[in-house]
Every structure is written in structure tokens, then in C-alpha cells.
file entry-v4.cif (mmCIF, N, CA and C atoms and all ligand atoms)
data_start
#
loop_
_atom_site.label_atom_id
_atom_site.label_comp_id
_atom_site.auth_asym_id
_atom_site.auth_seq_id
_atom_site.Cartn_x
_atom_site.Cartn_y
_atom_site.Cartn_z
N MET A 1 9.30 -23.52 -6.91
CA MET A 1 8.16 -22.83 -6.29
C MET A 1 7.00 -22.83 -7.28
N SER A 2 5.79 -23.01 -6.78
CA SER A 2 4.63 -23.08 -7.66
C SER A 2 4.29 -21.69 -8.21
N ALA A 3 3.56 -21.72 -9.36
CA ALA A 3 3.18 -20.46 -10.00
C ALA A 3 2.27 -19.67 -9.06
N ARG A 4 2.41 -18.40 -9.09
CA ARG A 4 1.60 -17.54 -8.21
C ARG A 4 0.79 -16.59 -9.06
N ARG A 5 0.06 -17.17 -10.01
CA ARG A 5 -0.77 -16.37 -10.90
C ARG A 5 -2.22 -16.56 -10.49
N TYR A 6 -2.95 -15.47 -10.39
CA TYR A 6 -4.30 -15.52 -9.85
C TYR A 6 -5.29 -14.85 -10.80
N VAL A 7 -6.36 -15.55 -11.14
CA VAL A 7 -7.46 -14.93 -11.86
C VAL A 7 -8.21 -14.06 -10.87
N VAL A 8 -8.35 -12.78 -11.19
CA VAL A 8 -8.96 -11.87 -10.22
C VAL A 8 -10.29 -11.30 -10.71
N ALA A 9 -10.58 -11.43 -12.00
CA ALA A 9 -11.83 -10.86 -12.53
C ALA A 9 -12.00 -11.31 -13.96
N THR A 10 -13.22 -11.10 -14.49
CA THR A 10 -13.41 -11.19 -15.93
C THR A 10 -13.14 -9.80 -16.48
N GLU A 11 -12.87 -9.72 -17.77
CA GLU A 11 -12.64 -8.40 -18.39
C GLU A 11 -13.82 -7.47 -18.15
N ASP A 12 -15.04 -8.03 -18.24
CA ASP A 12 -16.25 -7.21 -18.08
C ASP A 12 -16.35 -6.55 -16.71
N GLU A 13 -15.75 -7.17 -15.71
CA GLU A 13 -15.84 -6.64 -14.35
C GLU A 13 -15.03 -5.37 -14.16
N ILE A 14 -13.99 -5.19 -14.98
CA ILE A 14 -13.13 -4.01 -14.83
C ILE A 14 -13.05 -3.30 -16.18
N PRO A 15 -14.10 -2.57 -16.56
CA PRO A 15 -14.07 -1.85 -17.84
C PRO A 15 -13.11 -0.66 -17.76
N PRO A 16 -12.78 -0.03 -18.89
CA PRO A 16 -11.89 1.14 -18.86
C PRO A 16 -12.37 2.19 -17.86
N GLY A 17 -11.44 2.66 -17.03
CA GLY A 17 -11.76 3.66 -16.02
C GLY A 17 -12.15 3.06 -14.68
N ALA A 18 -12.34 1.74 -14.64
CA ALA A 18 -12.79 1.10 -13.40
C ALA A 18 -11.60 0.45 -12.67
N ARG A 19 -11.87 0.02 -11.44
CA ARG A 19 -10.86 -0.68 -10.64
C ARG A 19 -11.55 -1.75 -9.82
N LYS A 20 -10.76 -2.70 -9.38
CA LYS A 20 -11.26 -3.72 -8.45
C LYS A 20 -10.15 -4.00 -7.45
N ILE A 21 -10.52 -4.04 -6.18
CA ILE A 21 -9.53 -4.33 -5.13
C ILE A 21 -9.78 -5.74 -4.63
N VAL A 22 -8.73 -6.57 -4.67
CA VAL A 22 -8.86 -7.97 -4.27
C VAL A 22 -7.80 -8.28 -3.21
N THR A 23 -7.99 -9.39 -2.53
CA THR A 23 -6.98 -9.84 -1.56
C THR A 23 -6.36 -11.12 -2.09
N ILE A 24 -5.03 -11.11 -2.27
CA ILE A 24 -4.30 -12.29 -2.72
C ILE A 24 -3.15 -12.52 -1.75
N GLU A 25 -3.05 -13.71 -1.26
CA GLU A 25 -1.98 -14.05 -0.31
C GLU A 25 -1.88 -13.00 0.80
N ARG A 26 -3.01 -12.66 1.36
CA ARG A 26 -3.13 -11.69 2.46
C ARG A 26 -2.65 -10.28 2.09
N ARG A 27 -2.53 -10.02 0.76
CA ARG A 27 -2.13 -8.71 0.28
C ARG A 27 -3.32 -8.08 -0.44
N GLU A 28 -3.70 -6.86 -0.11
CA GLU A 28 -4.73 -6.18 -0.89
C GLU A 28 -4.07 -5.56 -2.11
N ILE A 29 -4.67 -5.82 -3.29
CA ILE A 29 -4.11 -5.35 -4.55
C ILE A 29 -5.23 -4.71 -5.36
N GLY A 30 -4.98 -3.53 -5.89
CA GLY A 30 -5.96 -2.85 -6.75
C GLY A 30 -5.60 -3.08 -8.20
N ILE A 31 -6.58 -3.52 -9.00
CA ILE A 31 -6.36 -3.71 -10.44
C ILE A 31 -7.12 -2.61 -11.16
N PHE A 32 -6.42 -1.86 -12.00
CA PHE A 32 -6.99 -0.71 -12.70
C PHE A 32 -6.99 -0.96 -14.20
N ASN A 33 -8.05 -0.52 -14.85
CA ASN A 33 -8.12 -0.56 -16.31
C ASN A 33 -7.96 0.88 -16.81
N VAL A 34 -6.84 1.16 -17.44
CA VAL A 34 -6.58 2.49 -18.01
C VAL A 34 -6.60 2.35 -19.52
N ASP A 35 -7.67 2.83 -20.13
CA ASP A 35 -7.82 2.78 -21.60
C ASP A 35 -7.60 1.37 -22.15
N GLY A 36 -8.09 0.36 -21.45
CA GLY A 36 -7.98 -1.01 -21.95
C GLY A 36 -6.74 -1.75 -21.51
N GLU A 37 -5.82 -1.07 -20.82
CA GLU A 37 -4.61 -1.72 -20.29
C GLU A 37 -4.79 -1.91 -18.78
N TYR A 38 -4.34 -3.06 -18.29
CA TYR A 38 -4.52 -3.35 -16.87
C TYR A 38 -3.23 -3.14 -16.10
N PHE A 39 -3.38 -2.60 -14.88
CA PHE A 39 -2.23 -2.39 -13.99
C PHE A 39 -2.65 -2.79 -12.57
N ALA A 40 -1.69 -3.30 -11.82
CA ALA A 40 -1.99 -3.73 -10.45
C ALA A 40 -1.00 -3.08 -9.49
N LEU A 41 -1.54 -2.55 -8.39
CA LEU A 41 -0.71 -1.93 -7.37
C LEU A 41 -1.13 -2.44 -6.00
N ARG A 42 -0.18 -2.48 -5.12
CA ARG A 42 -0.50 -2.83 -3.73
C ARG A 42 -1.35 -1.72 -3.12
N ASN A 43 -2.37 -2.12 -2.37
CA ASN A 43 -3.26 -1.14 -1.77
C ASN A 43 -2.67 -0.60 -0.47
N ARG A 44 -1.46 -0.10 -0.59
CA ARG A 44 -0.79 0.43 0.60
C ARG A 44 0.14 1.55 0.14
N CYS A 45 -0.11 2.75 0.61
CA CYS A 45 0.72 3.88 0.20
C CYS A 45 2.11 3.76 0.84
N PRO A 46 3.19 3.89 0.04
CA PRO A 46 4.54 3.79 0.61
C PRO A 46 4.90 4.98 1.50
N HIS A 47 4.07 6.00 1.53
CA HIS A 47 4.35 7.14 2.42
C HIS A 47 4.01 6.78 3.87
N GLN A 48 2.72 6.63 4.17
CA GLN A 48 2.35 6.29 5.56
C GLN A 48 1.29 5.21 5.63
N GLY A 49 1.13 4.44 4.56
CA GLY A 49 0.33 3.23 4.64
C GLY A 49 -1.15 3.34 4.36
N ALA A 50 -1.64 4.45 3.82
CA ALA A 50 -3.06 4.56 3.51
C ALA A 50 -3.47 3.55 2.45
N ALA A 51 -4.79 3.34 2.34
CA ALA A 51 -5.32 2.45 1.30
C ALA A 51 -5.25 3.18 -0.04
N LEU A 52 -4.08 3.14 -0.63
CA LEU A 52 -3.79 3.94 -1.83
C LEU A 52 -4.78 3.70 -2.96
N CYS A 53 -5.16 2.44 -3.18
CA CYS A 53 -6.00 2.12 -4.34
C CYS A 53 -7.43 2.60 -4.21
N GLU A 54 -7.78 3.17 -3.06
CA GLU A 54 -9.12 3.73 -2.90
C GLU A 54 -9.14 5.21 -3.24
N GLY A 55 -8.00 5.76 -3.63
CA GLY A 55 -7.91 7.18 -3.96
C GLY A 55 -8.50 7.51 -5.31
N HIS A 56 -8.63 8.80 -5.57
CA HIS A 56 -9.13 9.26 -6.87
C HIS A 56 -8.12 8.95 -7.97
N VAL A 57 -8.63 8.60 -9.14
CA VAL A 57 -7.77 8.47 -10.32
C VAL A 57 -7.97 9.73 -11.16
N LEU A 58 -6.87 10.41 -11.43
CA LEU A 58 -6.94 11.72 -12.08
C LEU A 58 -6.28 11.67 -13.46
N PRO A 59 -6.69 12.55 -14.36
CA PRO A 59 -5.99 12.63 -15.64
C PRO A 59 -4.60 13.24 -15.43
N ALA A 60 -3.65 12.87 -16.26
CA ALA A 60 -2.30 13.44 -16.18
C ALA A 60 -2.13 14.42 -17.33
N LEU A 61 -1.49 15.54 -17.04
CA LEU A 61 -1.21 16.51 -18.08
C LEU A 61 0.09 16.10 -18.77
N GLU A 62 0.05 15.87 -20.06
CA GLU A 62 1.24 15.47 -20.80
C GLU A 62 1.62 16.56 -21.80
N SER A 63 2.91 16.66 -22.07
CA SER A 63 3.39 17.66 -23.01
C SER A 63 4.67 17.18 -23.67
N SER A 64 4.81 17.44 -24.95
CA SER A 64 6.07 17.13 -25.62
C SER A 64 6.93 18.38 -25.72
N GLY A 65 6.39 19.51 -25.26
CA GLY A 65 7.15 20.76 -25.29
C GLY A 65 6.23 21.95 -25.25
N PRO A 66 6.81 23.12 -25.35
CA PRO A 66 6.00 24.34 -25.27
C PRO A 66 4.87 24.33 -26.30
N GLY A 67 3.71 24.75 -25.87
CA GLY A 67 2.58 24.85 -26.79
C GLY A 67 1.81 23.56 -26.97
N ASP A 68 2.29 22.46 -26.39
CA ASP A 68 1.60 21.18 -26.54
C ASP A 68 1.22 20.66 -25.16
N GLN A 69 -0.05 20.65 -24.86
CA GLN A 69 -0.52 20.07 -23.60
C GLN A 69 -1.78 19.26 -23.91
N ARG A 70 -1.87 18.08 -23.29
CA ARG A 70 -3.10 17.28 -23.43
C ARG A 70 -3.29 16.46 -22.16
N LEU A 71 -4.56 16.17 -21.89
CA LEU A 71 -4.89 15.38 -20.71
C LEU A 71 -4.94 13.91 -21.10
N ALA A 72 -4.14 13.10 -20.42
CA ALA A 72 -4.18 11.65 -20.62
C ALA A 72 -5.13 11.08 -19.57
N SER A 73 -6.08 10.27 -19.99
CA SER A 73 -7.09 9.80 -19.05
C SER A 73 -6.43 9.00 -17.93
N GLY A 74 -7.19 8.89 -16.82
CA GLY A 74 -6.79 8.34 -15.55
C GLY A 74 -5.45 7.65 -15.40
N ARG A 75 -4.41 8.38 -15.17
CA ARG A 75 -3.09 7.78 -14.99
C ARG A 75 -2.53 8.03 -13.61
N LEU A 76 -3.04 9.04 -12.91
CA LEU A 76 -2.47 9.38 -11.61
C LEU A 76 -3.42 8.96 -10.50
N LEU A 77 -2.90 8.18 -9.57
CA LEU A 77 -3.69 7.73 -8.43
C LEU A 77 -3.33 8.62 -7.25
N GLN A 78 -4.34 9.29 -6.69
CA GLN A 78 -4.08 10.24 -5.62
C GLN A 78 -4.37 9.57 -4.27
N CYS A 79 -3.38 9.53 -3.41
CA CYS A 79 -3.55 8.90 -2.10
C CYS A 79 -4.63 9.63 -1.30
N PRO A 80 -5.56 8.87 -0.69
CA PRO A 80 -6.65 9.53 0.05
C PRO A 80 -6.20 10.24 1.32
N TRP A 81 -5.01 9.97 1.82
CA TRP A 81 -4.61 10.62 3.07
C TRP A 81 -3.93 11.98 2.83
N HIS A 82 -2.89 12.03 2.07
CA HIS A 82 -2.14 13.29 1.93
C HIS A 82 -2.08 13.79 0.50
N GLY A 83 -2.75 13.10 -0.40
CA GLY A 83 -2.88 13.62 -1.77
C GLY A 83 -1.66 13.41 -2.66
N TRP A 84 -0.68 12.64 -2.22
CA TRP A 84 0.46 12.40 -3.11
C TRP A 84 -0.03 11.61 -4.32
N GLU A 85 0.58 11.84 -5.45
CA GLU A 85 0.12 11.21 -6.68
C GLU A 85 1.11 10.15 -7.14
N PHE A 86 0.57 9.00 -7.58
CA PHE A 86 1.39 7.89 -8.05
C PHE A 86 0.94 7.52 -9.46
N ASP A 87 1.90 7.21 -10.32
CA ASP A 87 1.58 6.76 -11.67
C ASP A 87 0.99 5.35 -11.56
N VAL A 88 -0.24 5.18 -12.04
CA VAL A 88 -0.90 3.87 -11.95
C VAL A 88 -0.08 2.81 -12.69
N ARG A 89 0.65 3.22 -13.73
CA ARG A 89 1.37 2.24 -14.56
C ARG A 89 2.64 1.74 -13.91
N SER A 90 3.32 2.57 -13.14
CA SER A 90 4.63 2.19 -12.60
C SER A 90 4.71 2.22 -11.08
N GLY A 91 3.74 2.86 -10.43
CA GLY A 91 3.80 3.03 -8.98
C GLY A 91 4.67 4.20 -8.55
N GLN A 92 5.28 4.89 -9.51
CA GLN A 92 6.19 6.00 -9.19
C GLN A 92 5.41 7.18 -8.60
N SER A 93 5.92 7.73 -7.51
CA SER A 93 5.30 8.94 -6.97
C SER A 93 5.84 10.14 -7.74
N TRP A 94 5.00 11.17 -7.82
CA TRP A 94 5.39 12.34 -8.59
C TRP A 94 5.32 13.62 -7.78
N CYS A 95 5.47 13.50 -6.50
CA CYS A 95 5.59 14.72 -5.72
C CYS A 95 6.14 14.37 -4.35
N GLU A 96 6.67 15.35 -3.72
CA GLU A 96 7.20 15.19 -2.37
C GLU A 96 6.84 16.46 -1.61
N PRO A 97 5.54 16.64 -1.33
CA PRO A 97 5.09 17.95 -0.86
C PRO A 97 5.70 18.39 0.47
N ASP A 98 6.10 17.45 1.34
CA ASP A 98 6.62 17.92 2.61
C ASP A 98 8.07 18.37 2.51
N ARG A 99 8.72 18.19 1.36
CA ARG A 99 10.09 18.68 1.21
C ARG A 99 10.20 19.74 0.12
N MET A 100 9.14 19.90 -0.66
CA MET A 100 9.25 20.81 -1.79
C MET A 100 8.69 22.18 -1.46
N ARG A 101 9.29 23.15 -2.01
CA ARG A 101 8.80 24.51 -1.89
C ARG A 101 8.50 25.00 -3.30
N VAL A 102 7.48 25.80 -3.39
CA VAL A 102 7.20 26.42 -4.69
C VAL A 102 8.06 27.65 -4.81
N ARG A 103 8.80 27.72 -5.88
CA ARG A 103 9.68 28.86 -6.08
C ARG A 103 8.95 29.92 -6.89
N ALA A 104 9.14 31.15 -6.51
CA ALA A 104 8.49 32.24 -7.24
C ALA A 104 9.45 32.81 -8.28
N TYR A 105 8.94 33.18 -9.42
CA TYR A 105 9.75 33.74 -10.50
C TYR A 105 9.15 35.08 -10.93
N PRO A 106 9.99 36.00 -11.35
CA PRO A 106 9.45 37.25 -11.87
C PRO A 106 8.74 37.00 -13.20
N VAL A 107 7.70 37.72 -13.43
CA VAL A 107 6.91 37.56 -14.65
C VAL A 107 6.89 38.87 -15.41
N GLY A 108 7.10 38.80 -16.70
CA GLY A 108 7.01 39.99 -17.53
C GLY A 108 6.28 39.67 -18.82
N VAL A 109 6.07 40.64 -19.63
CA VAL A 109 5.40 40.45 -20.92
C VAL A 109 6.46 40.54 -22.01
N VAL A 110 6.51 39.54 -22.89
CA VAL A 110 7.49 39.53 -23.98
C VAL A 110 6.75 39.38 -25.29
N ASP A 111 7.44 39.64 -26.38
CA ASP A 111 6.84 39.45 -27.69
C ASP A 111 6.56 37.97 -27.92
N ALA A 112 5.60 37.68 -28.77
CA ALA A 112 5.27 36.29 -29.10
C ALA A 112 6.53 35.57 -29.58
N GLY A 113 6.67 34.30 -29.14
CA GLY A 113 7.83 33.52 -29.58
C GLY A 113 8.97 33.53 -28.60
N GLU A 114 8.90 34.40 -27.58
CA GLU A 114 9.98 34.45 -26.60
C GLU A 114 9.66 33.67 -25.33
N ALA A 115 8.54 32.97 -25.33
CA ALA A 115 8.14 32.24 -24.11
C ALA A 115 9.20 31.21 -23.75
N SER A 116 9.36 30.98 -22.44
CA SER A 116 10.38 30.02 -21.98
C SER A 116 9.86 28.59 -22.01
N GLY A 117 10.71 27.64 -21.60
CA GLY A 117 10.40 26.21 -21.64
C GLY A 117 9.29 25.79 -20.70
N PHE A 118 8.88 24.56 -20.84
CA PHE A 118 7.78 24.01 -20.05
C PHE A 118 8.35 23.12 -18.96
N PRO A 119 8.10 23.43 -17.67
CA PRO A 119 8.72 22.63 -16.62
C PRO A 119 8.16 21.21 -16.57
N GLY A 120 9.03 20.23 -16.33
CA GLY A 120 8.58 18.84 -16.25
C GLY A 120 8.33 18.41 -14.83
N LEU A 121 7.81 17.23 -14.65
CA LEU A 121 7.57 16.69 -13.31
C LEU A 121 8.87 16.13 -12.75
N VAL A 122 8.97 16.09 -11.43
CA VAL A 122 10.14 15.54 -10.75
C VAL A 122 9.73 14.27 -10.03
N PRO A 123 10.41 13.14 -10.28
CA PRO A 123 10.00 11.92 -9.59
C PRO A 123 10.23 12.03 -8.09
N GLY A 124 9.27 11.57 -7.31
CA GLY A 124 9.40 11.58 -5.86
C GLY A 124 10.19 10.37 -5.39
N PRO A 125 10.43 10.25 -4.07
CA PRO A 125 11.27 9.16 -3.55
C PRO A 125 10.53 7.84 -3.41
N HIS A 126 9.20 7.87 -3.46
CA HIS A 126 8.43 6.66 -3.18
C HIS A 126 7.92 6.01 -4.45
N VAL A 127 7.91 4.68 -4.44
CA VAL A 127 7.36 3.92 -5.56
C VAL A 127 6.44 2.86 -4.98
N ALA A 128 5.17 2.88 -5.39
CA ALA A 128 4.21 1.88 -4.91
C ALA A 128 4.53 0.54 -5.55
N GLU A 129 4.25 -0.55 -4.82
CA GLU A 129 4.53 -1.89 -5.32
C GLU A 129 3.56 -2.23 -6.45
N THR A 130 4.06 -2.74 -7.55
CA THR A 130 3.21 -3.07 -8.69
C THR A 130 3.40 -4.54 -9.07
N TYR A 131 2.45 -5.07 -9.83
CA TYR A 131 2.49 -6.47 -10.26
C TYR A 131 2.08 -6.53 -11.72
N PRO A 132 2.63 -7.48 -12.50
CA PRO A 132 2.20 -7.63 -13.88
C PRO A 132 0.76 -8.18 -13.96
N VAL A 133 0.01 -7.67 -14.93
CA VAL A 133 -1.37 -8.12 -15.15
C VAL A 133 -1.53 -8.42 -16.64
N ARG A 134 -2.24 -9.50 -16.96
CA ARG A 134 -2.57 -9.76 -18.36
C ARG A 134 -3.94 -10.41 -18.44
N VAL A 135 -4.45 -10.46 -19.66
CA VAL A 135 -5.75 -11.07 -19.88
C VAL A 135 -5.54 -12.40 -20.57
N GLU A 136 -6.10 -13.45 -20.02
CA GLU A 136 -6.05 -14.79 -20.61
C GLU A 136 -7.47 -15.32 -20.68
N ALA A 137 -7.93 -15.67 -21.88
CA ALA A 137 -9.28 -16.21 -22.08
C ALA A 137 -10.31 -15.31 -21.40
N ARG A 138 -10.16 -14.02 -21.61
CA ARG A 138 -11.09 -13.00 -21.06
C ARG A 138 -11.12 -12.96 -19.53
N ARG A 139 -10.08 -13.50 -18.91
CA ARG A 139 -9.94 -13.41 -17.46
C ARG A 139 -8.74 -12.52 -17.16
N VAL A 140 -8.88 -11.63 -16.17
CA VAL A 140 -7.79 -10.76 -15.76
C VAL A 140 -6.94 -11.52 -14.75
N VAL A 141 -5.63 -11.65 -15.05
CA VAL A 141 -4.74 -12.48 -14.24
C VAL A 141 -3.61 -11.62 -13.67
N VAL A 142 -3.42 -11.70 -12.35
CA VAL A 142 -2.32 -10.99 -11.69
C VAL A 142 -1.23 -12.01 -11.38
N ASP A 143 0.03 -11.61 -11.65
CA ASP A 143 1.17 -12.50 -11.45
C ASP A 143 2.02 -11.99 -10.29
N LEU A 144 2.08 -12.74 -9.20
CA LEU A 144 2.88 -12.32 -8.03
C LEU A 144 4.31 -12.85 -8.10
N GLY A 145 4.67 -13.45 -9.21
CA GLY A 145 6.04 -13.93 -9.35
C GLY A 145 6.16 -15.37 -8.92
N GLY A 146 7.26 -16.02 -9.33
CA GLY A 146 7.38 -17.45 -9.06
C GLY A 146 8.20 -17.80 -7.87
S1 LIG A 201 -0.16 7.99 3.28
FE1 LIG A 201 -0.28 8.27 1.17
S2 LIG A 201 0.41 10.27 0.83
FE2 LIG A 201 0.57 9.96 2.93
#
call {"tool": "encode", "arguments": {"input": "entry-v4.cif", "output": "C-alpha cells"}}
result
Amino acid sequence: MSARRYVVATEDEIPPGARKIVTIERREIGIFNVDGEYFALRNRCPHQGAALCEGHVLPALESSGPGDQRLASGRLLQCPWHGWEFDVRSGQSWCEPDRMRVRAYPVGVVDAGEASGFPGLVPGPHVAETYPVRVEARRVVVDLGG
């Protein structure tokens, strides 16, 4: 089978924080530049088919443990239809709002140092389709596989 690698842009066309949506082999694919790294996702939400790559790109809150929180620039792609969030790097969804309930916990005041752990994210059931992207001779290239 012939190579299925496609030049989709020059580096200048997709600077950090930007995206470009292209059509390759009748598939719409969004290419995102996150802090100089490129990622490609199918422009179709695995939930109900919205144009996922047209959604807002949001910062992700990262933490290595209690007392450590920082915002990582644009890593979460929010679907424009129902707001589910997908990791731009892996296509992994990070919420399942129609099945999840927020649990309430009692709150009290404790002495400093007794604070409890920091809750982590739970992976959702959906994963958006992703493709490898690399830069060759200052051209952004998407690889659809051989
Ligand atoms: S179609 Fe994307 S979250 Fe529903």
C-alpha cells in the first residue's frame, strides 16, 4: 500500500496555540500546535458526531499532589455540542457527564497539615481518533498510516 503521508501546512501557518482543519481522504482532521508540539484529531466527536476540532481549547489543571496546582496551556479540547473535554494529545475523553453524579462530602475545619488528598481525573469511555504529526523541512505532515 502506498504511503499516506500528507503535507497539511507550513510551520508558520499553525503557530503555538493555533489550529488548522483540513480534509484528507474525505476525512476532516484538525491539527493543533500545543507549545510547539503538533497533534492531529479527527473532526468528529465520538459522543454524537459534532465538529470536535472547532471547540474551545482550554488549559488543563495539573497537579503532582496536594499543594501543587498549575495550568498547562491548551491541552483540553471542549466539544462545541455538549462540552465534553478531550485531551488534544491522545483523544482521551475526561468526563462522562450524563452518567456521573457529583458526590457531596461533609466539610469541616482542621488544623494546618491535616488536609486530605487531591482528587484526580477519571478517564471517560470515549477516545477521539488521532493521527501522528511531524515536521519535515518546515512542513507539517500528517500520517494516516500505510
Ligand atoms: S457530540 Fe461531542 S460531547 Fe456530545
call {"tool": "atom_distance", "arguments": {"input": "entry-v4.cif", "atom1": "atom CA of A:Ala18", "atom2": "atom N of A:Leu58"}}
result
11.2 Å
call {"tool": "atom_distance", "arguments": {"input": "entry-v4.cif", "atom1": "atom C of A:Pro80", "atom2": "atom CA of A:Gly55"}}
result
6.3 Å
call {"tool": "residues_near_ligand", "arguments": {"input": "entry-v4.cif", "ligand": "ligand LIG 201 (chain A)", "cutoff": "6 Å", "atoms": "all atoms listed in the file", "output": "list of chain:residue names"}}
result
A:Cys45, A:Pro46, A:His47, A:Gln48, A:Gly49, A:Ala50, A:Cys79, A:Pro80, A:Trp81, A:His82, A:Gly83, A:Trp84
call {"tool": "residues_around", "arguments": {"input": "entry-v4.cif", "residues": "A:Thr10", "least_positions_apart": "2", "cutoff": "12 Å", "atoms": "only C-alpha atoms", "output": "PDB file with N, CA and C atoms, in the coordinates of the input"}}
result
ATOM      1  N   TYR A   6      -2.950 -15.470 -10.390  1.00  0.00           N
ATOM      2  CA  TYR A   6      -4.300 -15.520  -9.850  1.00  0.00           C
ATOM      3  C   TYR A   6      -5.290 -14.850 -10.800  1.00  0.00           C
ATOM      4  N   VAL A   7      -6.360 -15.550 -11.140  1.00  0.00           N
ATOM      5  CA  VAL A   7      -7.460 -14.930 -11.860  1.00  0.00           C
ATOM      6  C   VAL A   7      -8.210 -14.060 -10.870  1.00  0.00           C
ATOM      7  N   VAL A   8      -8.350 -12.780 -11.190  1.00  0.00           N
ATOM      8  CA  VAL A   8      -8.960 -11.870 -10.220  1.00  0.00           C
ATOM      9  C   VAL A   8     -10.290 -11.300 -10.710  1.00  0.00           C
ATOM     10  N   ASP A  12     -15.040  -8.030 -18.240  1.00  0.00           N
ATOM     11  CA  ASP A  12     -16.250  -7.210 -18.080  1.00  0.00           C
ATOM     12  C   ASP A  12     -16.350  -6.550 -16.710  1.00  0.00           C
ATOM     13  N   GLU A  13     -15.750  -7.170 -15.710  1.00  0.00           N
ATOM     14  CA  GLU A  13     -15.840  -6.640 -14.350  1.00  0.00           C
ATOM     15  C   GLU A  13     -15.030  -5.370 -14.160  1.00  0.00           C
ATOM     16  N   ILE A  14     -13.990  -5.190 -14.980  1.00  0.00           N
ATOM     17  CA  ILE A  14     -13.130  -4.010 -14.830  1.00  0.00           C
ATOM     18  C   ILE A  14     -13.050  -3.300 -16.180  1.00  0.00           C
ATOM     19  N   PRO A  15     -14.100  -2.570 -16.560  1.00  0.00           N
ATOM     20  CA  PRO A  15     -14.070  -1.850 -17.840  1.00  0.00           C
ATOM     21  C   PRO A  15     -13.110  -0.660 -17.760  1.00  0.00           C
ATOM     22  N   LYS A  20     -10.760  -2.700  -9.380  1.00  0.00           N
ATOM     23  CA  LYS A  20     -11.260  -3.720  -8.450  1.00  0.00           C
ATOM     24  C   LYS A  20     -10.150  -4.000  -7.450  1.00  0.00           C
ATOM     25  N   ILE A  31      -6.580  -3.520  -9.000  1.00  0.00           N
ATOM     26  CA  ILE A  31      -6.360  -3.710 -10.440  1.00  0.00           C
ATOM     27  C   ILE A  31      -7.120  -2.610 -11.160  1.00  0.00           C
ATOM     28  N   ASN A  33      -8.050  -0.520 -14.850  1.00  0.00           N
ATOM     29  CA  ASN A  33      -8.120  -0.560 -16.310  1.00  0.00           C
ATOM     30  C   ASN A  33      -7.960   0.880 -16.810  1.00  0.00           C
ATOM     31  N   TYR A  38      -4.340  -3.060 -18.290  1.00  0.00           N
ATOM     32  CA  TYR A  38      -4.520  -3.350 -16.870  1.00  0.00           C
ATOM     33  C   TYR A  38      -3.230  -3.140 -16.100  1.00  0.00           C
ATOM     34  N   ARG A 134      -2.240  -9.500 -16.960  1.00  0.00           N
ATOM     35  CA  ARG A 134      -2.570  -9.760 -18.360  1.00  0.00           C
ATOM     36  C   ARG A 134      -3.940 -10.410 -18.440  1.00  0.00           C
ATOM     37  N   VAL A 135      -4.450 -10.460 -19.660  1.00  0.00           N
ATOM     38  CA  VAL A 135      -5.750 -11.070 -19.880  1.00  0.00           C
ATOM     39  C   VAL A 135      -5.540 -12.400 -20.570  1.00  0.00           C
ATOM     40  N   GLU A 136      -6.100 -13.450 -20.020  1.00  0.00           N
ATOM     41  CA  GLU A 136      -6.050 -14.790 -20.610  1.00  0.00           C
ATOM     42  C   GLU A 136      -7.470 -15.320 -20.680  1.00  0.00           C
ATOM     43  N   ALA A 137      -7.930 -15.670 -21.880  1.00  0.00           N
ATOM     44  CA  ALA A 137      -9.280 -16.210 -22.080  1.00  0.00           C
ATOM     45  C   ALA A 137     -10.310 -15.310 -21.400  1.00  0.00           C
ATOM     46  N   ARG A 138     -10.160 -14.020 -21.610  1.00  0.00           N
ATOM     47  CA  ARG A 138     -11.090 -13.000 -21.060  1.00  0.00           C
ATOM     48  C   ARG A 138     -11.120 -12.960 -19.530  1.00  0.00           C
ATOM     49  N   ARG A 139     -10.080 -13.500 -18.910  1.00  0.00           N
ATOM     50  CA  ARG A 139      -9.940 -13.410 -17.460  1.00  0.00           C
ATOM     51  C   ARG A 139      -8.740 -12.520 -17.160  1.00  0.00           C
ATOM     52  N   VAL A 140      -8.880 -11.630 -16.170  1.00  0.00           N
ATOM     53  CA  VAL A 140      -7.790 -10.760 -15.760  1.00  0.00           C
ATOM     54  C   VAL A 140      -6.940 -11.520 -14.750  1.00  0.00           C
ATOM     55  N   VAL A 141      -5.630 -11.650 -15.050  1.00  0.00           N
ATOM     56  CA  VAL A 141      -4.740 -12.480 -14.240  1.00  0.00           C
ATOM     57  C   VAL A 141      -3.610 -11.620 -13.670  1.00  0.00           C
ATOM     58  N   VAL A 142      -3.420 -11.700 -12.350  1.00  0.00           N
ATOM     59  CA  VAL A 142      -2.320 -10.990 -11.690  1.00  0.00           C
ATOM     60  C   VAL A 142      -1.230 -12.010 -11.380  1.00  0.00           C
TER      61      VAL A 142
END
call {"tool": "atom_distance", "arguments": {"input": "entry-v4.cif", "atom1": "atom N of A:Gly30", "atom2": "atom C of A:Asn43"}}
result
6.6 Å
call {"tool": "closest_residue", "arguments": {"input": "entry-v4.cif", "among": "A:Val57, A:Ala51, A:Ala9, A:Ala40", "to": "A:Arg89", "atoms": "only C-alpha atoms"}}
result
A:Ala40
call {"tool": "select_by_dssp", "arguments": {"input": "entry-v4.cif", "residues": "stretch 43-77 of chain A", "states": "strand (DSSP E)", "output": "list in words"}}
result
Val57, Leu58, Pro59, Ala60, Leu61, Glu62, Ser63, Ser64, Gly65, Asp68, Gln69, Arg70, Leu71, Ala72, Ser73, Gly74, Arg75, Leu76 and Leu77 of chain A
